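Structure data follow from target-v2.cif (mmCIF, C-alpha atoms):
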```cif
data_run
loop_
_atom_site.label_atom_id
_atom_site.label_comp_id
_atom_site.auth_asym_id
_atom_site.auth_seq_id
_atom_site.Cartn_x
_atom_site.Cartn_y
_atom_site.Cartn_z
CA MET L 7 -6.38 -33.00 -15.09
CA ALA L 8 -7.83 -32.97 -11.60
CA ASN L 9 -7.92 -29.65 -9.81
CA PRO L 10 -6.40 -29.24 -6.31
CA ILE L 11 -9.80 -29.56 -4.58
CA SER L 12 -10.54 -32.82 -6.37
CA LYS L 13 -7.06 -34.08 -5.57
CA ALA L 14 -7.45 -33.24 -1.88
CA TRP L 15 -10.94 -34.77 -1.86
CA ARG L 16 -9.69 -37.96 -3.50
CA LYS L 17 -6.70 -38.11 -1.18
CA LEU L 18 -8.99 -37.95 1.84
CA PHE L 19 -11.94 -40.06 0.84
CA TYR L 20 -11.07 -42.36 -2.04
CA HIS L 21 -9.10 -45.51 -2.26
CA ASP L 22 -5.73 -44.43 -3.52
CA GLY L 23 -3.03 -46.50 -1.95
CA ASP L 24 -3.28 -46.68 1.84
CA ARG L 25 -5.39 -43.61 2.48
CA TYR L 26 -7.80 -43.00 5.28
CA PHE L 27 -10.90 -44.61 3.86
CA LEU L 28 -10.42 -47.73 1.84
CA LEU L 29 -13.41 -47.40 -0.41
CA PRO L 30 -13.76 -49.90 -3.20
CA GLN L 31 -12.31 -49.00 -6.54
CA VAL L 32 -15.24 -47.86 -8.61
CA ALA L 33 -15.57 -45.77 -11.73
CA SER L 34 -16.27 -42.63 -9.71
CA ALA L 35 -12.95 -43.07 -7.91
CA GLN L 36 -11.05 -42.83 -11.14
CA PRO L 37 -9.34 -39.57 -12.12
CA GLU L 38 -12.18 -38.75 -14.51
CA PRO L 39 -14.30 -36.69 -14.53
CA PRO L 40 -11.69 -34.08 -13.72
CA ASN L 41 -13.82 -31.88 -11.47
CA GLU L 42 -15.49 -34.42 -9.26
CA GLY L 43 -15.93 -33.43 -5.66
CA PRO L 44 -18.32 -31.47 -3.50
CA PHE L 45 -18.02 -28.22 -5.41
CA GLY L 46 -17.71 -29.52 -8.96
CA ASP L 47 -15.63 -27.15 -11.07
CA ALA L 48 -16.36 -24.13 -8.83
CA GLY L 49 -12.74 -24.03 -7.64
CA PRO L 50 -11.00 -23.89 -11.02
CA ARG L 51 -13.70 -21.58 -12.35
CA ALA L 52 -13.15 -19.14 -9.48
CA VAL L 53 -9.39 -19.27 -9.98
CA SER L 54 -9.83 -18.68 -13.70
CA TRP L 55 -12.23 -15.78 -13.05
CA PHE L 56 -9.87 -14.17 -10.55
CA THR L 57 -6.92 -14.57 -12.90
CA ARG L 58 -8.86 -13.11 -15.80
CA ILE L 59 -10.13 -10.14 -13.79
CA THR L 60 -6.87 -9.29 -12.06
CA PHE L 61 -4.67 -9.97 -15.01
CA GLY L 62 -6.74 -7.56 -17.05
CA GLY L 63 -3.92 -5.09 -16.55
CA ARG L 64 -1.73 -6.82 -19.07
CA HIS L 65 -3.50 -4.65 -21.57
CA ALA L 66 -5.54 -2.86 -18.98
CA THR L 67 -8.00 -0.23 -19.92
CA PRO L 68 -8.53 3.07 -18.11
CA PHE L 69 -11.83 1.55 -16.95
CA PHE L 70 -9.94 -1.22 -15.15
CA TYR L 71 -7.77 1.30 -13.32
CA THR L 72 -10.77 3.48 -12.52
CA VAL L 73 -12.49 0.49 -10.90
CA ILE L 74 -9.36 -0.09 -8.81
CA GLY L 75 -9.38 3.61 -7.86
CA ILE L 76 -13.03 3.37 -6.79
CA ILE L 77 -12.25 0.29 -4.69
CA LEU L 78 -9.47 2.24 -2.94
CA ALA L 79 -11.78 5.20 -2.33
CA VAL L 80 -14.45 2.91 -0.88
CA LEU L 81 -11.90 1.23 1.40
CA THR L 82 -10.78 4.67 2.63
CA LEU L 83 -14.38 5.71 3.30
CA LEU L 84 -14.91 2.44 5.15
CA GLU L 85 -11.84 3.16 7.29
CA VAL L 86 -13.06 6.63 8.18
CA TRP L 87 -16.56 5.31 8.93
CA LEU L 88 -15.17 2.57 11.18
CA PHE L 89 -13.05 5.21 12.88
CA THR L 90 -16.27 6.87 14.08
CA LEU L 91 -17.33 3.53 15.60
CA ASP L 92 -14.11 2.85 17.51
CA ASP L 93 -15.91 2.69 20.88
CA LEU L 94 -18.30 0.12 19.48
CA LEU L 95 -15.57 -1.98 17.88
CA GLY L 96 -13.44 -2.13 21.01
CA ALA L 97 -10.44 -4.44 20.71
CA THR L 98 -11.21 -5.29 17.08
CA PHE L 99 -10.70 -1.66 15.98
CA VAL L 100 -6.90 -1.74 15.56
CA PRO L 101 -6.71 -5.13 13.75
CA LEU L 102 -9.56 -4.06 11.49
CA MET L 103 -7.83 -0.79 10.60
CA LEU L 104 -4.54 -2.57 9.94
CA PHE L 105 -6.32 -5.12 7.75
CA LEU L 106 -7.95 -2.38 5.66
CA ALA L 107 -4.63 -0.52 5.34
CA LEU L 108 -2.94 -3.75 4.24
CA ALA L 109 -5.70 -4.36 1.68
CA LYS L 110 -5.20 -0.88 0.20
CA PHE L 111 -1.44 -1.34 0.24
CA ILE L 112 -1.70 -4.62 -1.67
CA VAL L 113 -4.18 -3.24 -4.21
CA VAL L 114 -1.92 -0.26 -5.02
CA VAL L 115 1.23 -2.37 -5.22
CA ALA L 116 -0.38 -5.14 -7.25
CA PHE L 117 -2.32 -3.09 -9.78
CA PHE L 118 -1.12 0.51 -9.86
CA MET L 119 2.52 -0.51 -9.47
CA HIS L 120 1.91 -3.48 -11.78
CA LEU L 121 3.53 -6.15 -9.63
CA ARG L 122 0.61 -8.42 -10.53
CA PHE L 123 1.64 -8.21 -14.17
CA ASP L 124 5.42 -7.93 -13.88
CA LYS L 125 8.05 -10.57 -13.34
CA ASN L 126 8.06 -12.31 -9.97
CA LEU L 127 11.61 -11.15 -9.28
CA LEU L 128 10.32 -7.61 -8.70
CA THR L 129 7.76 -8.90 -6.20
CA LEU L 130 10.55 -10.77 -4.46
CA VAL L 131 12.79 -7.69 -4.32
CA PHE L 132 10.08 -5.43 -2.94
CA SER L 133 8.61 -7.92 -0.51
CA SER L 134 12.11 -8.63 0.83
CA GLY L 135 12.52 -4.97 1.74
CA PHE L 136 9.02 -4.88 3.18
CA VAL L 137 9.51 -8.02 5.28
CA ILE L 138 12.87 -6.80 6.62
CA ALA L 139 11.23 -3.45 7.47
CA ILE L 140 8.44 -5.22 9.37
CA ALA L 141 11.01 -7.40 11.16
CA VAL L 142 13.07 -4.37 12.23
CA PHE L 143 9.82 -2.69 13.24
CA MET L 144 8.75 -5.60 15.43
CA ILE L 145 12.21 -6.05 16.96
CA LEU L 146 12.34 -2.37 17.87
CA LEU L 147 8.87 -2.45 19.43
CA THR L 148 9.71 -5.64 21.33
CA VAL L 149 13.02 -4.33 22.63
CA GLN L 150 11.30 -1.16 23.79
CA GLY L 151 8.64 -3.21 25.57
CA LYS L 152 5.79 -2.01 23.37
CA VAL L 153 4.60 -5.43 22.27
CA ALA L 154 4.46 -6.90 25.77
CA PRO L 155 4.86 -3.97 28.16
CA ASP L 156 6.37 -4.50 31.58
CA PRO L 157 3.70 -4.77 34.23
CA VAL L 158 3.27 -1.71 36.42
CA ILE L 159 4.36 -2.62 39.93
CA ALA L 160 2.43 -0.92 42.66
CA PRO L 161 4.56 1.08 45.11
CA MET C 2 16.25 -15.64 -25.75
CA ALA C 3 17.23 -12.14 -24.78
CA GLN C 4 15.84 -9.62 -27.14
CA ALA C 5 14.29 -6.23 -26.92
CA ALA C 6 10.75 -6.77 -28.02
CA VAL C 7 9.16 -3.36 -27.85
CA VAL C 8 5.43 -3.74 -27.92
CA GLN C 9 2.51 -1.54 -27.09
CA ASP C 10 2.43 -2.30 -23.39
CA SER C 11 5.76 -1.73 -21.70
CA HIS C 12 4.98 -4.52 -19.20
CA ASP C 13 5.36 -6.96 -22.07
CA GLU C 14 8.85 -5.75 -22.89
CA ILE C 15 11.66 -8.22 -22.46
CA ALA C 16 14.78 -6.25 -21.67
CA ASP C 17 18.15 -7.34 -22.96
CA THR C 18 19.42 -8.32 -19.50
CA ASN C 19 19.96 -11.55 -17.58
CA THR C 20 16.71 -11.12 -15.71
CA GLY C 21 14.64 -9.88 -18.64
CA ILE C 22 13.88 -6.78 -16.56
CA SER C 23 15.35 -3.44 -17.44
CA ASN C 24 18.13 -2.42 -15.07
CA ARG C 25 16.49 0.90 -14.33
CA LYS C 26 13.26 -0.76 -13.28
CA LEU C 27 15.06 -3.28 -11.09
CA LEU C 28 17.06 -0.47 -9.50
CA MET C 29 13.90 1.50 -8.82
CA TRP C 30 12.31 -1.49 -7.07
CA VAL C 31 15.46 -2.02 -4.97
CA PHE C 32 15.34 1.66 -4.03
CA LEU C 33 11.67 1.37 -3.07
CA ALA C 34 12.42 -1.71 -0.97
CA SER C 35 15.12 0.26 0.85
CA ASP C 36 12.71 3.16 1.29
CA CYS C 37 10.40 0.72 3.10
CA LEU C 38 13.12 0.44 5.73
CA PHE C 39 13.49 4.22 5.84
CA PHE C 40 9.82 4.88 6.55
CA GLY C 41 9.45 1.68 8.58
CA SER C 42 12.06 3.03 11.02
CA PHE C 43 10.26 6.34 11.40
CA ILE C 44 6.89 4.68 11.92
CA ALA C 45 8.38 2.27 14.46
CA THR C 46 10.00 5.20 16.28
CA TYR C 47 6.64 6.99 16.35
CA LEU C 48 5.04 3.91 17.87
CA VAL C 49 7.84 3.44 20.41
CA TYR C 50 7.26 6.96 21.71
CA ARG C 51 3.49 6.75 21.38
CA ASN C 52 1.75 7.89 24.56
CA GLU C 53 5.08 8.92 26.05
CA SER C 54 4.69 12.70 25.81
CA VAL C 55 4.38 14.26 29.22
CA VAL C 56 3.43 17.74 28.04
CA GLY C 57 0.80 18.68 25.46
CA PRO C 58 -0.52 19.13 22.91
CA TYR C 59 -1.40 15.46 22.52
CA PRO C 60 -2.70 13.71 19.37
CA ASN C 61 -6.31 13.78 20.58
CA GLU C 62 -6.08 17.57 20.90
CA VAL C 63 -4.67 18.47 17.49
CA LEU C 64 -5.28 15.78 14.86
CA ASP C 65 -8.06 16.65 12.43
CA ILE C 66 -9.39 13.46 10.86
CA PRO C 67 -11.93 14.97 8.40
CA ILE C 68 -9.31 17.25 6.81
CA THR C 69 -6.70 14.48 6.65
CA SER C 70 -9.27 12.10 5.14
CA VAL C 71 -9.76 14.58 2.30
CA SER C 72 -6.02 14.90 1.73
CA THR C 73 -5.70 11.08 1.80
CA PHE C 74 -8.42 10.87 -0.83
CA VAL C 75 -6.57 13.46 -2.94
CA LEU C 76 -3.36 11.42 -2.81
CA LEU C 77 -5.21 8.20 -3.70
CA MET C 78 -6.81 9.86 -6.69
CA SER C 79 -3.41 11.20 -7.76
CA SER C 80 -2.25 7.57 -7.92
CA LEU C 81 -5.18 6.79 -10.20
CA ALA C 82 -4.30 9.79 -12.37
CA MET C 83 -0.70 8.58 -12.52
CA VAL C 84 -1.58 5.14 -13.76
CA LEU C 85 -3.95 6.66 -16.34
CA ALA C 86 -1.16 8.96 -17.58
CA LEU C 87 1.13 5.97 -18.12
CA ASN C 88 -1.64 3.96 -19.74
CA TYR C 89 -2.39 6.71 -22.23
CA LEU C 90 1.30 7.27 -22.97
CA GLN C 91 1.71 3.59 -23.82
CA LYS C 92 -1.21 3.97 -26.21
CA ASP C 93 0.39 7.08 -27.74
CA ARG C 94 -2.51 9.31 -26.72
CA LEU C 95 -0.28 12.24 -25.92
CA GLY C 96 -2.93 14.88 -25.17
CA LEU C 97 -4.49 12.75 -22.46
CA THR C 98 -1.05 11.84 -21.14
CA ARG C 99 -0.19 15.51 -20.69
CA PHE C 100 -3.52 16.17 -18.96
CA TRP C 101 -3.10 13.34 -16.47
CA ILE C 102 0.57 14.11 -15.70
CA LEU C 103 -0.37 17.68 -14.87
CA ALA C 104 -3.36 16.41 -12.88
CA VAL C 105 -1.04 14.24 -10.75
CA ALA C 106 1.31 17.17 -10.13
CA ALA C 107 -1.66 19.40 -9.24
CA LEU C 108 -3.12 16.82 -6.84
CA GLY C 109 0.33 16.41 -5.28
CA LEU C 110 0.50 20.16 -4.71
CA VAL C 111 -3.00 20.12 -3.19
CA PHE C 112 -1.85 17.38 -0.80
CA LEU C 113 1.22 19.43 0.12
CA GLY C 114 -1.06 22.44 0.67
CA PHE C 115 -3.14 20.42 3.12
CA GLN C 116 0.05 19.38 4.90
CA VAL C 117 1.37 22.94 5.16
CA VAL C 118 -1.96 24.13 6.58
CA GLU C 119 -1.96 21.24 9.05
CA PHE C 120 1.60 21.99 10.18
CA MET C 121 0.82 25.70 10.60
CA THR C 122 -2.30 24.88 12.61
CA PHE C 123 -0.32 22.56 14.85
CA VAL C 124 2.36 25.19 15.42
CA SER C 125 -0.28 27.78 16.25
CA GLU C 126 -1.70 25.33 18.80
CA GLY C 127 1.70 24.96 20.41
CA LEU C 128 2.87 21.69 18.84
CA THR C 129 6.35 22.12 17.40
CA ILE C 130 9.12 19.65 16.64
CA HIS C 131 10.73 20.56 20.00
CA GLN C 132 7.57 20.55 22.11
CA ASN C 133 7.22 16.87 23.00
CA LEU C 134 7.89 13.34 21.75
CA PHE C 135 4.69 13.32 19.72
CA GLY C 136 5.71 16.54 17.96
CA THR C 137 9.23 15.30 17.21
CA THR C 138 8.21 11.90 15.82
CA PHE C 139 5.14 13.25 14.02
CA PHE C 140 6.88 16.12 12.24
CA ILE C 141 9.88 14.00 11.24
CA LEU C 142 7.71 11.20 9.82
CA THR C 143 5.15 13.32 7.99
CA GLY C 144 7.79 15.90 7.06
CA PHE C 145 9.93 13.32 5.28
CA HIS C 146 6.83 11.99 3.57
CA GLY C 147 5.95 15.51 2.45
CA LEU C 148 9.51 15.90 1.16
CA HIS C 149 9.05 12.74 -0.90
CA VAL C 150 5.81 14.15 -2.31
CA PHE C 151 7.57 17.40 -3.16
CA VAL C 152 10.36 15.53 -5.00
CA GLY C 153 7.67 13.55 -6.84
CA VAL C 154 5.92 16.75 -7.92
CA LEU C 155 9.21 18.17 -9.26
CA TRP C 156 9.87 14.90 -11.10
CA LEU C 157 6.40 14.97 -12.66
CA LEU C 158 6.73 18.59 -13.69
CA GLY C 159 10.00 17.58 -15.34
CA MET C 160 8.12 14.80 -17.15
CA ALA C 161 5.47 17.28 -18.25
CA PHE C 162 8.19 19.59 -19.55
CA ALA C 163 9.78 16.69 -21.46
CA HIS C 164 6.36 15.93 -22.87
CA PHE C 165 5.91 19.50 -24.08
CA LYS C 166 9.33 19.29 -25.73
CA GLY C 167 8.21 16.10 -27.46
CA SER C 168 10.84 13.86 -25.91
CA LEU C 169 8.34 11.76 -23.94
CA THR C 170 6.61 9.26 -26.20
CA SER C 171 5.39 5.67 -26.00
CA ARG C 172 8.94 4.59 -26.93
CA SER C 173 10.23 6.16 -23.73
CA SER C 174 7.28 5.26 -21.51
CA GLU C 175 9.65 3.66 -19.02
CA ASP C 176 10.72 7.17 -17.98
CA LEU C 177 7.19 7.90 -16.83
CA GLU C 178 6.84 4.42 -15.38
CA MET C 179 9.78 5.12 -13.03
CA ALA C 180 8.17 8.35 -11.86
CA GLY C 181 4.91 6.44 -11.47
CA LEU C 182 6.46 3.74 -9.30
CA TYR C 183 7.93 6.42 -7.04
CA TRP C 184 4.60 8.23 -6.84
CA HIS C 185 2.63 5.10 -5.98
CA PHE C 186 5.17 4.28 -3.30
CA VAL C 187 4.61 7.70 -1.73
CA ASP C 188 0.91 6.87 -1.80
CA ILE C 189 1.29 3.50 -0.04
CA VAL C 190 3.47 5.06 2.65
CA TRP C 191 0.68 7.57 3.30
CA ILE C 192 -1.86 4.73 3.47
CA VAL C 193 0.12 3.33 6.41
CA ILE C 194 0.72 6.74 8.03
CA PHE C 195 -2.95 7.70 7.79
CA THR C 196 -4.06 4.48 9.44
CA VAL C 197 -1.39 4.18 12.11
CA ILE C 198 -0.82 7.80 13.11
CA TYR C 199 -4.18 9.38 12.42
CA LEU C 200 -6.91 6.76 12.75
CA ILE C 201 -5.34 4.47 15.35
CA GLY C 202 -3.33 7.16 17.15
CA PHE C 203 -6.11 9.73 17.30
CA SER C 204 -7.19 8.87 20.81
CA ASP C 205 -3.64 8.97 22.21
CA GLY C 206 -3.32 11.34 25.09
CA GLU C 207 -1.03 12.12 27.92
CA GLY C 208 1.86 9.76 28.53
CA ILE C 209 2.62 8.10 31.83
CA GLU C 210 6.15 8.90 32.97
CA THR C 211 6.22 7.55 36.51
CA ILE C 212 3.93 5.72 38.87
CA GLU C 213 3.40 8.97 40.76
CA HIS C 214 2.50 10.61 37.46
CA ALA C 215 0.07 7.78 36.69
CA ALA C 216 -1.52 8.27 40.09
CA THR C 217 -1.85 11.99 39.35
CA ILE C 218 -3.60 11.28 36.06
CA ILE C 219 -5.92 8.69 37.58
CA GLY C 220 -6.66 10.99 40.48
CA GLY C 221 -7.63 13.74 38.05
#
```
I'd like the structure from this file rewritten - as structure tokens, please.
Amino acid sequence: MANPISKAWRKLFYHDGDRYFLLPQVASAQPEPPNEGPFGDAGPRAVSWFTRITFGGRHATPFFYTVIGIILAVLTLLEVWLFTLDDLLGATFVPLMLFLALAKFIVVVAFFMHLRFDKNLLTLVFSSGFVIAIAVFMILLTVQGKVAPDPVIAP
Amino acid sequence: MAQAAVVQDSHDEIADTNTGISNRKLLMWVFLASDCLFFGSFIATYLVYRNESVVGPYPNEVLDIPITSVSTFVLLMSSLAMVLALNYLQKDRLGLTRFWILAVAALGLVFLGFQVVEFMTFVSEGLTIHQNLFGTTFFILTGFHGLHVFVGVLWLLGMAFAHFKGSLTSRSSEDLEMAGLYWHFVDIVWIVIFTVIYLIGFSDGEGIETIEHAATIIGG
């Protein structure tokens, strides 16, 4: 079965109904081999690798969790190091910090709290609360003029 | 097919419920989702009043990033210890389970120790909950987080006690899993607090109350 990259590639560049480029029907335009395309089977292999690595927690070993712990520690060190460079980073400092915090948040929730391995309903329940919290958060900041502050009018 | 298939890893269990998830676990996740709103409100309030204090001390005068980085690291490592405790309990390695549960409780107490020292330092420098908007929002947010950590420590000590009594085994690993979920949640809340209040808010200074006040600040 063709992978999503091959499908997208074929949809764009091969004759398949009335697509964009009406190339002649040749053997290479057929659904086989399954991983034709610019990157071969790199896409499905990467997905399979990611799934295997991150789903290791199904019967995870202490080593797996220790690696996750080390990743979290490294991310924290990176945050503190970037904090010392805030003048250099300028406007990118805050988005960068928030991105790193979000990365740590997701790693803890996915692996330590096992959402990666549990039923999707639990992810839905938790992310609902999280999304509502962010929405309330943004509404409050907007109402208080913190997202787009009122311009200071000179006397 | 709803059946209780108890296997080595509790994440493989299929509970005898409509969802296949144990009711306790579902309830815990609903509680954690609601706690997101609880802390989200406090963090939003902190940000609303950010840079609004008109008397000191201001964040850039009192926050100590190196010390807080260490306490953040301690809390992160306590999360690792927690997940190891659960992992060993599911594998029926009770000695290691006991060690890691006590390690989590100890790391939690160390974190609380850091927080108490920080609060005392702030008070000695003149920052109290009544002093200014920064003090009010900061102490309420971090204080409630500290309270959550304290409850977590008590819960874990209770788990350790149950373990010593022999009532905590791989068959009842969900008991520890609930405590673990709570503990990890406390950790992720601190991840946000550390970034938003300490790292991003560190340079916050005097607030601007009026245009005349702004002119005073600009004029030195």
**OP:** Can you give me, as number ranges by chain, the residues this file yields under the PyMOL selection byres ((chain L) within 6 of (chain C))?
**Re:** L: 75, 111, 119, 132, 135-136, 139, 143
Excluding Gly159 (chain C) and residues on its chain fewer than 5 positions from it, collect all residues at most 12 Å away from it, counting all atoms listed in the file, and give them as a short mmCIF file (atom, residue, chain, number, x, y, z; two decimals) with C-alpha atoms, keeping the file's coordinate frame.
```
data_model
loop_
_atom_site.label_atom_id
_atom_site.label_comp_id
_atom_site.auth_asym_id
_atom_site.auth_seq_id
_atom_site.Cartn_x
_atom_site.Cartn_y
_atom_site.Cartn_z
CA ARG C 99 -0.19 15.51 -20.69
CA ILE C 102 0.57 14.11 -15.70
CA LEU C 103 -0.37 17.68 -14.87
CA ALA C 106 1.31 17.17 -10.13
CA VAL C 152 10.36 15.53 -5.00
CA GLY C 153 7.67 13.55 -6.84
CA VAL C 154 5.92 16.75 -7.92
CA HIS C 164 6.36 15.93 -22.87
CA PHE C 165 5.91 19.50 -24.08
CA LYS C 166 9.33 19.29 -25.73
CA SER C 168 10.84 13.86 -25.91
CA LEU C 169 8.34 11.76 -23.94
CA ASP C 176 10.72 7.17 -17.98
CA LEU C 177 7.19 7.90 -16.83
CA ALA C 180 8.17 8.35 -11.86
#
```
How big is the axis-aligned box around the listed atoms of region 74-92 of chain C once 6 Å is added on each side, and where is its centre? Give both in Å to one decimal, as lines of an AutoDock Vina configuration file.
```
center_x = -3.4
center_y = 8.5
center_z = -13.5
size_x = 22.1
size_y = 21.9
size_z = 37.4
```
Original post:
Using all atoms listed in the file, which residue out of L:Phe45, L:Tyr71, L:Trp55, L:Trp15 lies closest to Val114 (chain L)?
Top reply: L:Tyr71
Original post:
Just how far from CA of Gln91 (chain C) is CA of Ala163 (chain C), in Å to one decimal?
Top reply: 15.6 Å
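Here CA of Arg25 (chain C) and CA of Ala107 (chain L) stand 28.9 Å from one another.
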